[in-house]
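Chemist: I'd like to ask you about the structure that follows.
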Amino acid sequence: MNTSVPSAAALHNEFEPRHDWTIPEVNALYAMPFNDLLFKAQMVHRAHFDPNYVQVSTLLSIKTGACPEDCKYCPQSARYDTGLEKERLMEINKVIERAKEAKQAGSTRFCMGAAWRNPKERDMPYVTDMVREVKKLGLETCMTLGMLTRDQAIALKRAGLDYYNHNLDTSPEFYGDIITTRTYQDRLETLDNVREAGMHVCSGGIVGMGETGDDRSSLLVQLANLDHHPESVPINMLVKVEGTPLDSVKDLEPFEFIRTIAVARIMMPQSFVRLSAGRESMNEQMQALCFMAGANSIFYGCKLLTTSNPETHEDVMLFKKLGINSQQTKDYSDEAFEAALTEEIAQKQNESLYVDASATTNSSKKAEKSIS
């Protein structure tokens with residue numbers, strides 16, 4: 001039996017960032033026994049982060065719908081009939097109101113997303129003003145506006161933008177099955193422009209779109225082999241929206257999602273790995289395993305752009321159960337916490353007491369008609 005213990009130097013090297021990953025190596029991580037994989041991911045996580053801290057952001061859609069892109073997962077595409085109402089670019093004062101609410105709820109970063117292929121030059125003064133005003137509140141700022149030119153990235157950096165989100169979405173091999181209106185290289189060039197402008201990069205992908213295991217490995221290889229790992233890596237579970245081409249794709253097995261979180265943590269040890277879209281369909285136990293696997297960032301709030309997300313007070317309850325962000329959740333006062341619970345209970349009671357008179361009348365008429 002081999003009883004040798006790895007040296008401290010060997011462990012140190014294993015936990016340091018690499019930029020030369022191969023798909024067979026990543027597949028081997030995925031194939032590890034589940035407990036071994038989570039143990040390895042947790043060791044890597046603890047080498048770089050407080051294991052009981054989760055960074056909290058809020059995401060606001062500042063311009064919704066009518067996007068010309070054909071991303072098959074996205075309800076904001078103008079090509080699909082999903083019942084989504086189009087909205088114009090939000091007024092700055094409304095954005096600031098939402099940012100203040102986000103800060104009060106415990107968010108440290110405020111992310112603003114617009115359904116654009118890329119921002120027009122006429123839009124740039126407006127979005128840079130948004131960044132400046134949100135920064136004044138003491139929040140970190142993030143935007144996702146589509147593709148950026150070098151000059152646009154520099155303008156956002158000068159306005160004080162901290163992070164720019166631009167996901168790779170999936171592997172280069174599967175990409176053409178999901179998106180045809182912009183290339184993979186277009187996405188990589190935007191990430192280069194963001195990095196060269198001096199902003200932090202937020203880039204990840206979506207799993208559960210019908211991709212293979214090799215595709216999930218290939219996506220993580222693309223991210224981890226960038227010259228600099230993204231500071232933030234959102235891992236999204238596909239939220240199936242009726243009317244999109246992926247509305248009936250087979251669900252991804254939950255353990256495969258948790259494995260993806262763990263492998264991302266191992267491959268990008270110093271990045272924040274965000275448990276992003278799809279959390280509403282995850283129970284508390286699955287989310288807890290994701291945190292164990294190395295996820296240390298989430299979005300607070302009831303909506304991510306156009307898809308649902310757990311209510312803020314539900315996240316606070318989960319954090320309290322797990323001992324996550326104990327100081328921050330304590331700051332979310334007991335009075336506010338109790339008020340949120342009381343409001344929810346009252347709402348449920350009202351729903352049970354409320355009778356739709358028109359529905360009752362229609363039912364009676366149908367009954368009379370059937371009797372006659």
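Convention: chains lettered A, B, ... in structure tokens order; per-chain residue numbering from 1; ligands numbered from 1 as shown.
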Neighbouring residues of Asp20 (chain A) were defined as those with any atom within 9 Å, considering only C-alpha atoms; residues of the same chain fewer than 2 positions away were excluded. Please report them as a PyMOL selection string.
Modeler: chain A and resi 18+22+221+224-225
Chemist: Would you save the residues of that selection, restricted to C-alpha atoms, as a PDB file, in the first residue's frame?
Modeler:
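File produced: again-v7.pdb:
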ATOM      1  CA  ARG A  18      -2.384  26.401 -15.235  1.00  0.00           C
ATOM      2  CA  THR A  22      -6.085  19.167 -22.378  1.00  0.00           C
ATOM      3  CA  VAL A 221     -10.333  24.171 -21.478  1.00  0.00           C
ATOM      4  CA  ALA A 224      -8.725  27.939 -18.369  1.00  0.00           C
ATOM      5  CA  ASN A 225      -6.227  28.222 -21.225  1.00  0.00           C
TER       6      ASN A 225
END
Chemist: When you count only C-alpha atoms, which of these residues is closest to Phe299 (chain A): A:Ser107, A:Gln285, A:Ser171, A:Ser57?
Modeler: A:Ser57
Chemist: Hey, which of A:Cys290, A:Val56, A:Leu148, A:Ile23 ends up closest to Glu196 (chain A)? Count only C-alpha atoms.
Modeler: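 Closest residue, counting only C-alpha atoms: A:Leu148.
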Chemist: Residues at most 6 Å from Thr170 (chain A), counting only C-alpha atoms, excluding those fewer than 3 positions away in the same chain, as a VMD selection string?
Modeler: chain A and resid 175 205 219
Chemist: Which neighbours of Ile261 (chain A) fall inside 10 Å, counting only C-alpha atoms, when residues of the same chain fewer than 2 positions from it are skipped, and could you give them as a PyMOL selection string?
Modeler: chain A and resi 38+41+233-236+255-259+263-266+273-275+289-295
Chemist: As a short mmCIF file (atom, residue, chain, number, x, y, z; two decimals) with N, CA, C and O atoms, in the first residue's frame, please: every residue in region 129-194 of chain A that a backbone DSSP assignment puts in alpha helix (DSSP H).
Modeler:
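Generated file (states24.cif):
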data_model
loop_
_atom_site.label_atom_id
_atom_site.label_comp_id
_atom_site.auth_asym_id
_atom_site.auth_seq_id
_atom_site.Cartn_x
_atom_site.Cartn_y
_atom_site.Cartn_z
N ASP A 129 -22.50 56.74 -18.23
CA ASP A 129 -23.09 57.50 -17.12
C ASP A 129 -23.69 56.57 -16.07
O ASP A 129 -23.59 56.82 -14.86
N MET A 130 -24.31 55.47 -16.52
CA MET A 130 -24.85 54.49 -15.59
C MET A 130 -23.75 53.94 -14.69
O MET A 130 -23.92 53.81 -13.47
N VAL A 131 -22.64 53.61 -15.29
CA VAL A 131 -21.51 53.05 -14.54
C VAL A 131 -21.06 54.05 -13.48
O VAL A 131 -20.87 53.70 -12.30
N ARG A 132 -20.89 55.30 -13.87
CA ARG A 132 -20.40 56.32 -12.92
C ARG A 132 -21.35 56.49 -11.74
O ARG A 132 -20.92 56.61 -10.58
N GLU A 133 -22.66 56.50 -12.02
CA GLU A 133 -23.63 56.71 -10.96
C GLU A 133 -23.69 55.52 -10.00
O GLU A 133 -23.82 55.69 -8.79
N VAL A 134 -23.61 54.30 -10.54
CA VAL A 134 -23.63 53.12 -9.67
C VAL A 134 -22.37 53.06 -8.83
O VAL A 134 -22.40 52.70 -7.65
N LYS A 135 -21.24 53.43 -9.42
CA LYS A 135 -19.97 53.44 -8.67
C LYS A 135 -20.05 54.37 -7.46
O LYS A 135 -19.45 54.10 -6.42
N ARG A 150 -12.39 47.76 -29.24
CA ARG A 150 -11.32 48.19 -28.32
C ARG A 150 -11.66 49.55 -27.71
O ARG A 150 -11.52 49.75 -26.51
N ASP A 151 -12.13 50.49 -28.54
CA ASP A 151 -12.43 51.84 -28.04
C ASP A 151 -13.60 51.83 -27.05
O ASP A 151 -13.60 52.57 -26.07
N GLN A 152 -14.60 50.99 -27.30
CA GLN A 152 -15.73 50.90 -26.37
C GLN A 152 -15.28 50.33 -25.03
O GLN A 152 -15.73 50.79 -23.97
N ALA A 153 -14.42 49.34 -25.07
CA ALA A 153 -13.90 48.76 -23.82
C ALA A 153 -13.12 49.81 -23.03
O ALA A 153 -13.27 49.91 -21.80
N ILE A 154 -12.34 50.59 -23.71
CA ILE A 154 -11.56 51.65 -23.03
C ILE A 154 -12.51 52.68 -22.42
O ILE A 154 -12.30 53.14 -21.28
N ALA A 155 -13.56 53.05 -23.14
CA ALA A 155 -14.53 54.04 -22.62
C ALA A 155 -15.21 53.53 -21.36
O ALA A 155 -15.40 54.28 -20.39
N LEU A 156 -15.57 52.25 -21.33
CA LEU A 156 -16.20 51.67 -20.15
C LEU A 156 -15.22 51.62 -18.98
O LEU A 156 -15.59 51.90 -17.83
N LYS A 157 -13.99 51.29 -19.26
CA LYS A 157 -12.97 51.27 -18.21
C LYS A 157 -12.77 52.66 -17.62
O LYS A 157 -12.68 52.83 -16.39
N ARG A 158 -12.71 53.67 -18.46
CA ARG A 158 -12.52 55.05 -17.99
C ARG A 158 -13.70 55.51 -17.15
O ARG A 158 -13.55 56.34 -16.25
N ALA A 159 -14.90 54.98 -17.44
CA ALA A 159 -16.08 55.33 -16.65
C ALA A 159 -16.06 54.66 -15.28
O ALA A 159 -16.82 55.04 -14.39
N PRO A 172 -16.10 25.19 -28.67
CA PRO A 172 -16.00 25.59 -30.08
C PRO A 172 -16.66 24.56 -31.01
O PRO A 172 -17.25 24.93 -32.04
N GLU A 173 -16.60 23.29 -30.61
CA GLU A 173 -17.14 22.22 -31.46
C GLU A 173 -18.67 22.24 -31.53
O GLU A 173 -19.26 21.91 -32.56
N PHE A 174 -19.32 22.62 -30.43
CA PHE A 174 -20.78 22.60 -30.36
C PHE A 174 -21.39 23.97 -30.66
O PHE A 174 -22.60 24.08 -30.89
N TYR A 175 -20.56 24.98 -30.68
CA TYR A 175 -21.02 26.36 -30.77
C TYR A 175 -21.94 26.61 -31.97
O TYR A 175 -22.98 27.26 -31.85
N TYR A 184 -17.22 32.21 -32.69
CA TYR A 184 -16.49 31.99 -31.44
C TYR A 184 -15.33 32.98 -31.33
O TYR A 184 -15.05 33.52 -30.26
N GLN A 185 -14.69 33.23 -32.47
CA GLN A 185 -13.57 34.17 -32.47
C GLN A 185 -14.04 35.58 -32.11
O GLN A 185 -13.32 36.33 -31.44
N ASP A 186 -15.25 35.95 -32.54
CA ASP A 186 -15.81 37.25 -32.14
C ASP A 186 -15.84 37.37 -30.62
O ASP A 186 -15.50 38.42 -30.05
N ARG A 187 -16.25 36.30 -29.96
CA ARG A 187 -16.34 36.30 -28.50
C ARG A 187 -14.95 36.43 -27.88
O ARG A 187 -14.74 37.19 -26.93
N LEU A 188 -14.01 35.68 -28.40
CA LEU A 188 -12.64 35.74 -27.87
C LEU A 188 -12.03 37.12 -28.06
O LEU A 188 -11.30 37.63 -27.19
N GLU A 189 -12.33 37.76 -29.19
CA GLU A 189 -11.80 39.11 -29.44
C GLU A 189 -12.37 40.13 -28.47
O GLU A 189 -11.67 41.03 -28.00
N THR A 190 -13.66 39.99 -28.13
CA THR A 190 -14.25 40.88 -27.12
C THR A 190 -13.56 40.69 -25.77
O THR A 190 -13.23 41.67 -25.08
N LEU A 191 -13.29 39.44 -25.39
CA LEU A 191 -12.58 39.19 -24.13
C LEU A 191 -11.19 39.81 -24.16
O LEU A 191 -10.72 40.37 -23.16
N ASP A 192 -10.52 39.74 -25.31
CA ASP A 192 -9.20 40.37 -25.44
C ASP A 192 -9.30 41.88 -25.27
O ASP A 192 -8.47 42.50 -24.59
N ASN A 193 -10.31 42.49 -25.88
CA ASN A 193 -10.49 43.95 -25.77
C ASN A 193 -10.76 44.36 -24.33
O ASN A 193 -10.26 45.39 -23.85
N VAL A 194 -11.56 43.56 -23.63
CA VAL A 194 -11.87 43.84 -22.22
C VAL A 194 -10.60 43.74 -21.38
O VAL A 194 -10.31 44.61 -20.55
#
Chemist: Which residues, written as a list of chain:residue names, have at least one atom at most 7 Å from Val44 (chain A), with only C-alpha atoms counted and residues fewer than 2 positions away on the same chain left out?
Modeler: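 Residues meeting the cut-off are A:Phe15, A:Lys40, A:Ala41, A:Gln42, A:Arg46, A:Ala47, A:His48, A:Ile266, A:Pro269.
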Chemist: Keeping C-alpha atoms, export the residues of the selection given above as a PDB file, in the first residue's frame.
Modeler:
ATOM      1  CA  PHE A  15      -3.278  24.329  -6.548  1.00  0.00           C
ATOM      2  CA  LYS A  40     -10.035  17.768  -4.397  1.00  0.00           C
ATOM      3  CA  ALA A  41     -12.114  20.796  -5.409  1.00  0.00           C
ATOM      4  CA  GLN A  42     -12.624  21.775  -1.770  1.00  0.00           C
ATOM      5  CA  ARG A  46      -9.569  26.467   0.588  1.00  0.00           C
ATOM      6  CA  ALA A  47      -6.080  27.194  -0.722  1.00  0.00           C
ATOM      7  CA  HIS A  48      -7.339  30.453  -2.234  1.00  0.00           C
ATOM      8  CA  ILE A 266      -9.868  22.887  -9.913  1.00  0.00           C
ATOM      9  CA  PRO A 269      -8.354  27.966  -8.699  1.00  0.00           C
TER      10      PRO A 269
END
